[in-house]
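Everything below belongs to work_27.txt, which stores compact mmCIF, C-alpha atoms.
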# COMPACT_ATOMS: atom_id res chain seq x y z
CA MET A 168 -55.51 -35.48 -131.25
CA LYS A 169 -55.50 -39.20 -131.96
CA ALA A 170 -53.77 -41.50 -129.52
CA THR A 171 -52.23 -44.80 -130.60
CA PHE A 172 -52.70 -46.74 -127.37
CA GLY A 173 -55.44 -49.10 -126.22
CA LEU A 174 -58.00 -49.11 -123.43
CA SER A 175 -56.86 -48.51 -119.89
CA ALA A 176 -58.92 -48.59 -116.70
CA GLN A 177 -59.11 -45.71 -114.27
CA PRO A 178 -58.48 -45.81 -110.54
CA ALA A 179 -61.58 -46.01 -108.37
CA VAL A 180 -60.94 -42.54 -106.91
CA ARG A 181 -61.27 -41.04 -110.41
CA ALA A 182 -64.61 -42.76 -110.92
CA VAL A 183 -65.90 -41.29 -107.66
CA LYS A 184 -64.68 -37.83 -108.61
CA LYS A 185 -66.39 -38.12 -111.99
CA VAL A 186 -69.74 -38.79 -110.33
CA VAL A 187 -69.25 -35.92 -107.86
CA ASP A 188 -68.35 -33.52 -110.68
CA ALA A 189 -71.42 -34.58 -112.67
CA TYR A 190 -73.79 -33.76 -109.82
CA ALA A 191 -71.95 -30.50 -109.10
CA THR A 192 -72.36 -29.48 -112.74
CA LEU A 193 -76.06 -30.34 -112.63
CA LYS A 194 -76.54 -28.23 -109.51
CA ALA A 195 -74.73 -25.28 -111.10
CA ASN A 196 -76.85 -25.52 -114.25
CA LEU A 197 -80.04 -25.59 -112.21
CA GLN A 198 -79.02 -22.55 -110.17
CA ALA A 199 -77.93 -20.62 -113.27
CA GLY A 200 -81.22 -21.33 -115.05
CA ASN A 201 -79.61 -23.15 -117.96
CA LEU A 202 -82.33 -25.82 -117.82
CA GLY A 203 -85.19 -23.36 -117.69
CA PRO A 204 -87.47 -22.41 -114.81
CA PRO A 205 -88.43 -24.99 -112.15
CA THR A 206 -91.80 -25.47 -113.87
CA SER A 207 -90.29 -26.46 -117.23
CA ARG A 208 -90.14 -30.01 -118.46
CA ARG A 209 -86.34 -29.97 -118.86
CA TYR A 210 -85.88 -28.85 -115.26
CA ARG A 211 -88.21 -31.51 -113.82
CA THR A 212 -86.63 -34.24 -115.95
CA ALA A 213 -83.11 -33.27 -114.86
CA VAL A 214 -84.06 -33.25 -111.17
CA SER A 215 -86.02 -36.52 -111.19
CA THR A 216 -83.65 -38.58 -113.39
CA PRO A 217 -80.45 -39.97 -111.82
CA ILE A 218 -77.21 -39.28 -113.66
CA SER A 219 -75.89 -42.21 -115.66
CA PHE A 220 -72.76 -42.73 -117.72
CA ARG A 221 -72.35 -44.50 -121.03
CA PRO A 222 -69.87 -47.39 -121.26
CA GLY A 223 -67.82 -45.39 -123.77
CA ALA A 224 -67.98 -42.07 -121.89
CA ALA A 225 -64.92 -39.87 -121.59
CA GLN A 226 -62.50 -40.72 -118.77
CA PRO A 227 -60.83 -37.67 -117.18
CA PHE A 228 -57.15 -37.68 -116.15
CA ASP A 229 -55.27 -34.94 -114.35
CA ASP A 230 -51.54 -34.32 -113.97
CA ARG A 231 -51.30 -36.81 -111.09
CA CYS A 232 -52.31 -39.80 -113.22
CA LEU A 233 -51.24 -38.62 -116.69
CA SER A 234 -47.98 -37.05 -117.80
CA TRP A 235 -46.97 -35.78 -121.22
CA GLN A 236 -43.57 -36.23 -122.89
CA TYR A 237 -43.79 -33.74 -125.74
CA ASP A 238 -40.38 -34.36 -127.32
CA ALA A 239 -40.97 -38.11 -127.59
CA ARG A 240 -44.70 -37.65 -128.28
CA THR A 241 -45.66 -40.15 -125.62
CA VAL A 242 -47.83 -40.13 -122.51
CA SER A 243 -47.79 -42.02 -119.23
CA LEU A 244 -51.09 -43.21 -117.73
CA TRP A 245 -51.86 -44.42 -114.21
CA THR A 246 -54.28 -47.38 -114.22
CA VAL A 247 -55.48 -49.98 -111.74
CA ASP A 248 -52.93 -52.37 -113.28
CA GLY A 249 -50.07 -49.94 -112.71
CA ARG A 250 -48.58 -47.09 -114.70
CA MET A 251 -48.41 -47.53 -118.48
CA LYS A 252 -45.43 -45.69 -119.97
CA GLY A 253 -44.33 -44.82 -123.48
CA LEU A 254 -47.81 -44.70 -125.05
CA GLY A 255 -47.41 -42.80 -128.30
CA PHE A 256 -49.79 -40.20 -129.67
CA VAL A 257 -49.98 -38.38 -132.99
CA CYS A 258 -51.14 -34.86 -133.78
CA ALA A 259 -50.47 -32.01 -136.18
CA THR A 260 -47.46 -29.75 -135.74
CA ASP A 261 -49.50 -26.68 -134.85
CA GLN A 262 -51.52 -28.73 -132.38
CA LEU A 263 -48.32 -29.87 -130.69
CA LYS A 264 -47.14 -26.26 -130.36
CA THR A 265 -50.47 -25.28 -128.80
CA LEU A 266 -50.30 -28.30 -126.50
CA VAL A 267 -46.81 -27.46 -125.24
CA ARG A 268 -47.59 -23.80 -124.67
CA TYR A 269 -51.15 -23.72 -123.37
CA ARG A 270 -52.06 -27.14 -121.97
CA LYS A 271 -53.68 -26.85 -118.57
CA GLY A 272 -55.98 -28.95 -116.40
CA GLU A 273 -57.48 -32.33 -117.15
CA SER A 274 -57.31 -34.49 -120.27
CA ASP A 275 -60.09 -36.79 -121.44
CA LEU A 276 -59.65 -40.27 -122.90
CA VAL A 277 -62.44 -40.96 -125.41
CA CYS A 278 -63.21 -43.92 -127.68
CA ARG A 279 -64.97 -42.95 -130.91
CA GLY A 280 -65.52 -45.26 -133.82
CA GLY A 281 -63.06 -47.84 -132.50
CA LYS A 282 -60.27 -45.25 -132.17
CA TRP A 283 -58.94 -43.73 -128.98
CA PHE A 284 -58.55 -39.97 -128.65
CA LEU A 285 -56.80 -38.06 -125.89
CA ILE A 286 -58.45 -34.64 -125.65
CA ALA A 287 -56.30 -32.09 -123.84
CA THR A 288 -57.54 -28.83 -122.35
CA CYS A 289 -55.61 -25.77 -123.53
CA ASP A 290 -56.11 -22.38 -121.88
CA ILE A 291 -55.49 -19.98 -124.77
CA PRO A 292 -55.57 -16.30 -123.75
CA ASP A 293 -58.13 -14.12 -125.50
CA LEU A 294 -57.18 -11.01 -127.40
CA ASP A 295 -58.42 -7.66 -126.12
CA PRO A 296 -61.44 -6.62 -128.20
CA TYR A 297 -60.95 -3.54 -130.31
CA ASP A 298 -63.32 -0.60 -130.58
CA PRO A 299 -65.58 -1.50 -133.53
CA VAL A 300 -66.40 0.99 -136.25
CA ASP A 301 -69.75 -0.76 -136.79
CA PHE A 302 -71.48 -4.11 -136.31
CA ILE A 303 -72.50 -7.04 -138.47
CA GLY A 304 -76.02 -8.09 -137.52
CA VAL A 305 -76.64 -11.83 -137.81
CA ASP A 306 -80.17 -13.19 -138.01
CA ARG A 307 -80.41 -16.93 -137.33
CA GLY A 308 -83.21 -19.04 -138.75
CA ILE A 309 -84.25 -22.51 -139.89
CA VAL A 310 -84.66 -22.00 -143.64
CA ASN A 311 -81.68 -19.63 -143.72
CA LEU A 312 -79.22 -20.63 -141.01
CA ALA A 313 -77.68 -17.16 -140.91
CA THR A 314 -78.28 -13.89 -142.75
CA THR A 315 -76.01 -10.91 -142.14
CA SER A 316 -76.82 -7.22 -142.37
CA ASP A 317 -74.48 -7.07 -145.37
CA GLY A 318 -76.90 -9.29 -147.31
CA THR A 319 -74.87 -12.49 -147.11
CA ASN A 320 -77.20 -15.47 -146.83
CA TYR A 321 -76.21 -18.91 -145.56
CA GLN A 322 -79.02 -21.21 -146.59
CA GLY A 323 -79.98 -24.28 -144.61
CA ARG A 324 -81.55 -26.09 -147.55
CA ARG A 325 -78.77 -28.62 -147.95
CA LEU A 326 -78.61 -29.31 -144.22
CA SER A 327 -82.39 -29.77 -144.04
CA ARG A 328 -82.32 -32.11 -147.02
CA TYR A 329 -79.52 -34.08 -145.41
CA ARG A 330 -81.47 -34.36 -142.14
CA ARG A 331 -84.59 -35.57 -143.97
CA TRP A 332 -82.54 -38.22 -145.76
CA GLN A 333 -81.05 -39.32 -142.46
CA ALA A 334 -84.54 -39.47 -140.92
CA ARG A 335 -85.75 -41.81 -143.67
CA LYS A 336 -82.74 -44.08 -143.21
CA ARG A 337 -83.23 -43.97 -139.44
CA ALA A 338 -86.85 -45.07 -139.82
CA GLU A 339 -85.80 -47.98 -142.04
CA LEU A 340 -83.21 -49.14 -139.52
CA GLN A 341 -85.59 -48.78 -136.58
CA ALA A 342 -88.13 -50.99 -138.36
CA ARG A 343 -85.61 -53.87 -138.49
CA ARG A 344 -85.16 -54.07 -134.69
CA THR A 345 -81.85 -55.91 -134.80
CA ARG A 346 -78.64 -55.36 -132.86
CA SER A 347 -76.69 -54.47 -135.98
CA ALA A 348 -79.36 -51.91 -136.90
CA THR A 349 -79.05 -50.36 -133.43
CA ARG A 350 -75.28 -50.02 -133.80
CA ARG A 351 -75.70 -48.51 -137.25
CA LEU A 352 -78.23 -46.03 -135.86
CA ALA A 353 -75.70 -44.81 -133.30
CA ARG A 354 -73.06 -44.30 -136.00
CA ARG A 355 -75.51 -42.42 -138.20
CA ALA A 356 -76.57 -40.13 -135.35
CA TYR A 357 -72.96 -39.21 -134.62
CA LYS A 358 -72.29 -38.60 -138.31
CA GLU A 359 -75.29 -36.27 -138.56
CA ARG A 360 -74.11 -34.24 -135.56
CA ARG A 361 -70.64 -33.90 -137.04
CA HIS A 362 -72.10 -32.68 -140.33
CA ALA A 363 -74.19 -29.98 -138.60
CA THR A 364 -71.19 -28.94 -136.51
CA HIS A 365 -69.04 -28.63 -139.65
CA VAL A 366 -71.66 -26.38 -141.27
CA ASN A 367 -71.78 -24.11 -138.20
CA HIS A 368 -67.97 -23.95 -138.05
CA ARG A 369 -67.78 -22.89 -141.68
CA ILE A 370 -70.45 -20.19 -141.31
CA SER A 371 -69.05 -18.75 -138.08
CA LYS A 372 -65.49 -18.75 -139.38
CA GLU A 373 -66.46 -16.74 -142.44
CA ILE A 374 -68.51 -14.20 -140.47
CA VAL A 375 -65.75 -13.66 -137.90
CA SER A 376 -63.10 -13.26 -140.60
CA VAL A 377 -65.21 -10.60 -142.38
CA ALA A 378 -65.76 -8.74 -139.10
CA GLN A 379 -62.07 -8.87 -138.23
CA ARG A 380 -61.00 -7.69 -141.68
CA THR A 381 -63.42 -4.73 -141.67
CA GLY A 382 -62.91 -3.75 -138.02
CA ARG A 383 -66.54 -4.40 -137.06
CA GLY A 384 -68.19 -6.33 -134.26
CA ILE A 385 -70.74 -9.15 -134.39
CA ALA A 386 -74.27 -8.91 -133.03
CA VAL A 387 -76.75 -11.80 -132.75
CA GLU A 388 -80.22 -12.23 -131.31
CA ALA A 389 -80.66 -13.63 -127.82
CA LEU A 390 -82.74 -16.74 -128.59
CA GLY A 391 -82.47 -18.51 -125.24
CA GLY A 392 -85.57 -20.54 -124.38
CA ILE A 393 -87.19 -20.07 -127.78
CA ARG A 394 -88.21 -23.73 -127.95
CA GLU A 395 -90.22 -23.40 -124.74
CA ARG A 396 -92.01 -20.21 -125.86
CA VAL A 397 -93.62 -21.68 -128.98
CA ARG A 398 -96.16 -24.42 -129.54
CA LEU A 399 -95.76 -26.34 -132.79
CA ARG A 400 -97.55 -28.96 -134.77
CA ARG A 401 -96.35 -32.53 -134.64
CA ASP A 402 -94.68 -32.36 -138.05
CA GLN A 403 -92.70 -29.24 -137.00
CA ARG A 404 -91.24 -30.54 -133.74
CA ALA A 405 -88.37 -32.50 -135.29
CA THR A 406 -87.32 -29.49 -137.39
CA LEU A 407 -87.26 -27.13 -134.43
CA SER A 408 -85.53 -29.59 -132.09
CA SER A 409 -82.73 -30.11 -134.62
CA TRP A 410 -82.29 -26.37 -135.28
CA PRO A 411 -78.60 -25.72 -134.46
CA PHE A 412 -78.95 -22.00 -133.62
CA HIS A 413 -77.39 -22.35 -130.16
CA GLN A 414 -74.31 -24.09 -131.49
CA LEU A 415 -73.88 -21.45 -134.18
CA GLY A 416 -74.07 -18.73 -131.53
CA GLN A 417 -71.46 -20.53 -129.43
CA HIS A 418 -69.13 -20.86 -132.41
CA LEU A 419 -69.50 -17.18 -133.22
CA ALA A 420 -68.86 -16.19 -129.60
CA TYR A 421 -65.68 -18.20 -129.04
CA LYS A 422 -64.22 -17.51 -132.49
CA ALA A 423 -64.85 -13.79 -132.01
CA ARG A 424 -63.27 -13.91 -128.56
CA ARG A 425 -60.14 -15.61 -129.91
CA ALA A 426 -59.86 -13.06 -132.74
CA GLY A 427 -60.50 -10.04 -130.52
CA VAL A 428 -63.77 -9.20 -132.31
CA PRO A 429 -66.45 -7.56 -130.13
CA PHE A 430 -69.50 -9.81 -129.69
CA ILE A 431 -72.88 -8.80 -128.29
CA GLU A 432 -76.37 -10.26 -127.97
CA VAL A 433 -79.44 -8.05 -128.40
CA ASP A 434 -83.16 -8.42 -127.85
CA ALA A 435 -84.80 -10.55 -130.54
CA ALA A 436 -88.33 -9.13 -130.21
CA TYR A 437 -89.90 -8.04 -133.51
CA THR A 438 -86.64 -7.89 -135.45
CA SER A 439 -88.34 -9.36 -138.52
CA GLN A 440 -91.46 -7.13 -138.22
CA ARG A 441 -89.86 -3.74 -137.58
CA CYS A 442 -88.99 -1.36 -140.38
CA PRO A 443 -85.36 -0.19 -140.04
CA ARG A 444 -86.16 3.08 -141.85
CA CYS A 445 -89.26 4.44 -140.10
CA GLY A 446 -89.50 2.11 -137.10
CA HIS A 447 -93.04 0.95 -137.85
CA THR A 448 -93.61 -2.48 -136.25
CA ALA A 449 -96.50 -4.67 -137.32
CA ARG A 450 -97.14 -8.28 -138.23
CA ALA A 451 -98.54 -7.10 -141.56
CA ASN A 452 -95.05 -5.85 -142.52
CA ARG A 453 -94.13 -9.47 -143.18
CA PRO A 454 -96.81 -10.86 -145.51
CA THR A 455 -94.79 -14.01 -146.21
CA ARG A 456 -91.88 -15.78 -144.57
CA ASP A 457 -89.32 -14.51 -147.11
CA HIS A 458 -90.65 -11.03 -147.90
CA PHE A 459 -90.78 -7.80 -145.90
CA SER A 460 -92.85 -4.78 -146.92
CA CYS A 461 -93.38 -1.82 -144.60
CA ARG A 462 -97.01 -0.63 -144.58
CA ARG A 463 -96.00 2.92 -143.69
CA CYS A 464 -92.96 3.91 -145.78
CA GLY A 465 -92.97 1.14 -148.39
CA LEU A 466 -89.51 -0.29 -147.64
CA ALA A 467 -89.34 -3.80 -149.07
CA GLY A 468 -86.75 -6.57 -149.16
CA PRO A 469 -85.87 -10.04 -147.89
CA ALA A 470 -87.24 -10.52 -144.38
CA ASP A 471 -84.08 -12.13 -142.99
CA HIS A 472 -81.92 -9.30 -144.35
CA VAL A 473 -84.18 -6.73 -142.72
CA ALA A 474 -83.95 -8.65 -139.44
CA GLY A 475 -80.15 -8.59 -139.68
CA VAL A 476 -80.21 -4.82 -140.19
CA ASN A 477 -82.44 -4.41 -137.12
CA VAL A 478 -80.04 -6.54 -135.08
CA ARG A 479 -77.17 -4.33 -136.23
CA ASN A 480 -79.05 -1.14 -135.30
CA ARG A 481 -79.86 -2.48 -131.85
CA ALA A 482 -76.22 -3.45 -131.35
CA ARG A 483 -75.15 0.11 -132.12
CA SER A 484 -77.37 1.44 -129.35
CA ALA A 485 -76.51 -1.33 -126.90
CA TRP A 486 -72.76 -0.95 -127.41
CA VAL A 487 -72.92 2.68 -126.28
CA PHE A 488 -74.36 1.62 -122.92
CA VAL A 489 -72.01 -1.36 -122.58
CA THR A 490 -68.84 0.65 -123.12
CA ALA A 491 -69.96 3.90 -121.48
CA PRO A 492 -67.87 4.84 -118.43
CA ALA A 493 -69.53 4.55 -115.08
CA PRO A 494 -70.84 7.94 -113.91
CA SER A 495 -68.90 9.45 -111.05
CA PRO A 496 -71.15 9.85 -107.98
CA TRP A 497 -71.66 13.26 -106.48
CA PRO A 498 -70.90 13.80 -102.79
CA SER A 499 -73.73 12.59 -100.61
CA SER A 500 -75.26 14.28 -97.61
CA GLY A 501 -77.55 12.68 -95.08
CA GLY A 502 -77.77 9.42 -97.03
CA ARG A 503 -79.11 11.22 -100.15
CA TRP A 504 -77.30 11.89 -103.41
CA MET A 505 -76.95 15.57 -104.16
CA ARG A 506 -76.86 17.00 -107.69
CA PRO A 507 -75.17 20.29 -108.62
CA VAL A 508 -77.55 23.23 -108.79
CA THR A 509 -76.87 26.38 -110.79
CA ILE A 510 -77.60 29.47 -108.70
CA PRO A 511 -78.39 32.55 -110.74
CA SER A 512 -76.24 35.55 -110.00
Could you quickly redo this structure as C-alpha cells?
Amino acid sequence: MKATFGLSAQPAVRAVKKVVDAYATLKANLQAGNLGPPTSRRYRTAVSTPISFRPGAAQPFDDRCLSWQYDARTVSLWTVDGRMKGLGFVCATDQLKTLVRYRKGESDLVCRGGKWFLIATCDIPDLDPYDPVDFIGVDRGIVNLATTSDGTNYQGRRLSRYRRWQARKRAELQARRTRSATRRLARRAYKERRHATHVNHRISKEIVSVAQRTGRGIAVEALGGIRERVRLRRDQRATLSSWPFHQLGQHLAYKARRAGVPFIEVDAAYTSQRCPRCGHTARANRPTRDHFSCRRCGLAGPADHVAGVNVRNRARSAWVFVTAPAPSPWPSSGGRWMRPVTIPS
C-alpha cells in the first residue's frame, strides 16, 4: 500500500518502545531455539552483538498516533512537530476492503527506493482445514526448488543463473569502492531478494491451488537447522546460504492456512535414499544426484520425485496420529491406571 506523504518523525516514546520490543523479540527467539543451541555461532553472535537500527528502518505507529479515514483515503499521523492530517494514500480496491474489515494493531511506515509505504497489519481469520483425501509431498532442494509427489518439478536453474549474474555484478561494484557503487549494491541486493520471493510465491501458490482443488493436504520436510548440520567447501557456502527453502516453506504454510488446506511437516531423514515400494534404505540407492535406483526391488526414477513420494507416505502415517482422538483414561485405583481384564466364564 503506497502512501503519498513525506517523512515524519516519531515521538520519543515510540523510539523507546521500538528498542524494548526489539530486545523482547530477541529474548523470545533465544528461548524458543530459533537461533539454534547456545553453542551455535548464530546464538553467540546474537547475544554478544547489540541491537542496532538502520536509518531507513520501519517506524511503527499504533491507533493512538495514527488514524485511518477510509472513505477519504487519508491518514492522520502524530509527530514531534504536531499531528499531520489529511495525508493521502493509494491502494487497490480489494486491499481497501481488506483494510476496512480486518485491520488490527500497529502500522509500519517504511521508505523503500525513495517511496514511502504504510504497511498495515490485517488479522484475517483462517479457514477450518478440511479432512484431506490424500497428501501432496513436496521435496525442497537447491537444483530443483520443489518437486511434488505428482511429478511436478519446479527447477531452480533460472534462479541460480540469476544469482550468479548478480554475484558477478556485485564483485565488479565492490572492486570500485565508491559511494555510488555502495548505493547501487544495496539496490541490487534488495532486487535479488524480491526476485527470489516472487519465485517462491509463484511456486507455493500453484501447489496450494492444486491441493485445494483436489481436496488433498500438503506435506513438506522439516529442514530446520540444516545449514548447521553440514560442512561444505568454500565454493558451496554461497549457494547453500542463499537457498530459499525456509521462505518457500513459510509461503506454503500461510497460503495453505488461508485456503483451509491441511499442512504438515514430516521427518526429512533418508527421504531421498528410501525406496517407497519395498522400504529398502541405502546410500547406494541414489548413485547420482538426479537418479534413484533401488538395489533390492529395482524401482528407478528421478530422485527428487521419489523423495516427494516418501514425504507423502510419511504424511499419511503422521496425519493419523495428529487427528486421532485422545484415548479416554480408564478409572484409576491407588495412583495406578487400571486396564479392563476379560475373566473367562
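Between CA of Asp295 (chain A) and CA of Ser376 (chain A) there is a distance of 16.2 Å.
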*Leaving out region 219-236 of chain A and any residue of its chain fewer than 5 positions from it, which residues lie within 8 Å of it when counting all atoms listed in the file, given as an NGL selection string?*
:A and (177 or 181 or 185 or 241-246 or 272-278)
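Counting only C-alpha atoms, the residue from A:Arg268, A:Arg444, A:Lys422, A:Lys184 that sits nearest to Tyr237 (chain A) is A:Arg268.
Our summary of the geometry notes that CA of Leu352 (chain A) is positioned 27.0 Å from CA of His418 (chain A).
Near region 193-197 of chain A, within 9 Å and counting all atoms listed in the file, sit Gly203, Pro204, Pro205, Tyr210, Ala213 and Val214 of chain A, not including residues fewer than 6 positions from it in the same chain.
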_Using all atoms listed in the file, can you tell me which of A:Thr349, A:Thr260, A:Gln414, A:Gln322 comes closest to Asn367 (chain A)?_
A:Gln414
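Ranking A:Lys358, A:Arg456, A:Arg307, A:Arg383 by their shortest atom-to-atom distance to Asn320 (chain A), with only C-alpha atoms included, puts A:Arg307 first.
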What lies within 10 Å of Ala436 (chain A) using all atoms listed in the file, ignoring chain neighbours under 5 positions off, as a PDB file with C-alpha atoms, in the frame of the given file?
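To be explicit, this is the file written out as around_35.pdb:
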ATOM      1  CA  GLU A 388     -80.220 -12.230-131.310  1.00  0.00           C
ATOM      2  CA  ALA A 389     -80.660 -13.630-127.820  1.00  0.00           C
ATOM      3  CA  LEU A 390     -82.740 -16.740-128.590  1.00  0.00           C
ATOM      4  CA  ARG A 441     -89.860  -3.740-137.580  1.00  0.00           C
ATOM      5  CA  VAL A 478     -80.040  -6.540-135.080  1.00  0.00           C
TER       6      VAL A 478
END
*Which is closest to Cys258 (chain A) among A:Arg209, A:Lys282, A:Arg240, A:Arg481, if we use all atoms listed in the file?*
A:Arg240
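Between CA of Asn201 (chain A) and CA of Tyr269 (chain A) the separation is 29.0 Å.
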*asked:* Under the rule that only C-alpha atoms are counted, which of A:Asn477, A:Ser347, A:Ser371, A:Gln417 is the nearest residue to Ser439 (chain A)?
replied: A:Asn477
With 5 Å of padding per side, what axis-aligned box (centre and edge lengths, Å, one decimal) covers all the listed atoms of region 201-205 of chain A? Give it as JSON.
{"center_x": -84.0, "center_y": -24.1, "center_z": -115.1, "size_x": 18.8, "size_y": 13.4, "size_z": 15.8}
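By chain and then residue number, the residues within 10 Å of Arg337 (chain A) are Arg331, Ala348, Thr349, Arg351, Leu352, Ala353, Arg355 and Ala356 of chain A, counting all atoms listed in the file and disregarding those fewer than 6 positions away in sequence.
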*A:Ala287, A:Ala435, A:Ala470, A:Ala199: which is nearest Gln262 (chain A), counting all atoms listed in the file?*
A:Ala287
*For region 308-310 of chain A, work out the shell of residues within 12 Å, counting all atoms listed in the file and skipping chain neighbours fewer than 4 positions away, then give it as a PyMOL selection string.*
chain A and resi 314-315+320-328+387-388+390+393+403+405-413+415-416+435+439+456-457+470-472+474-475
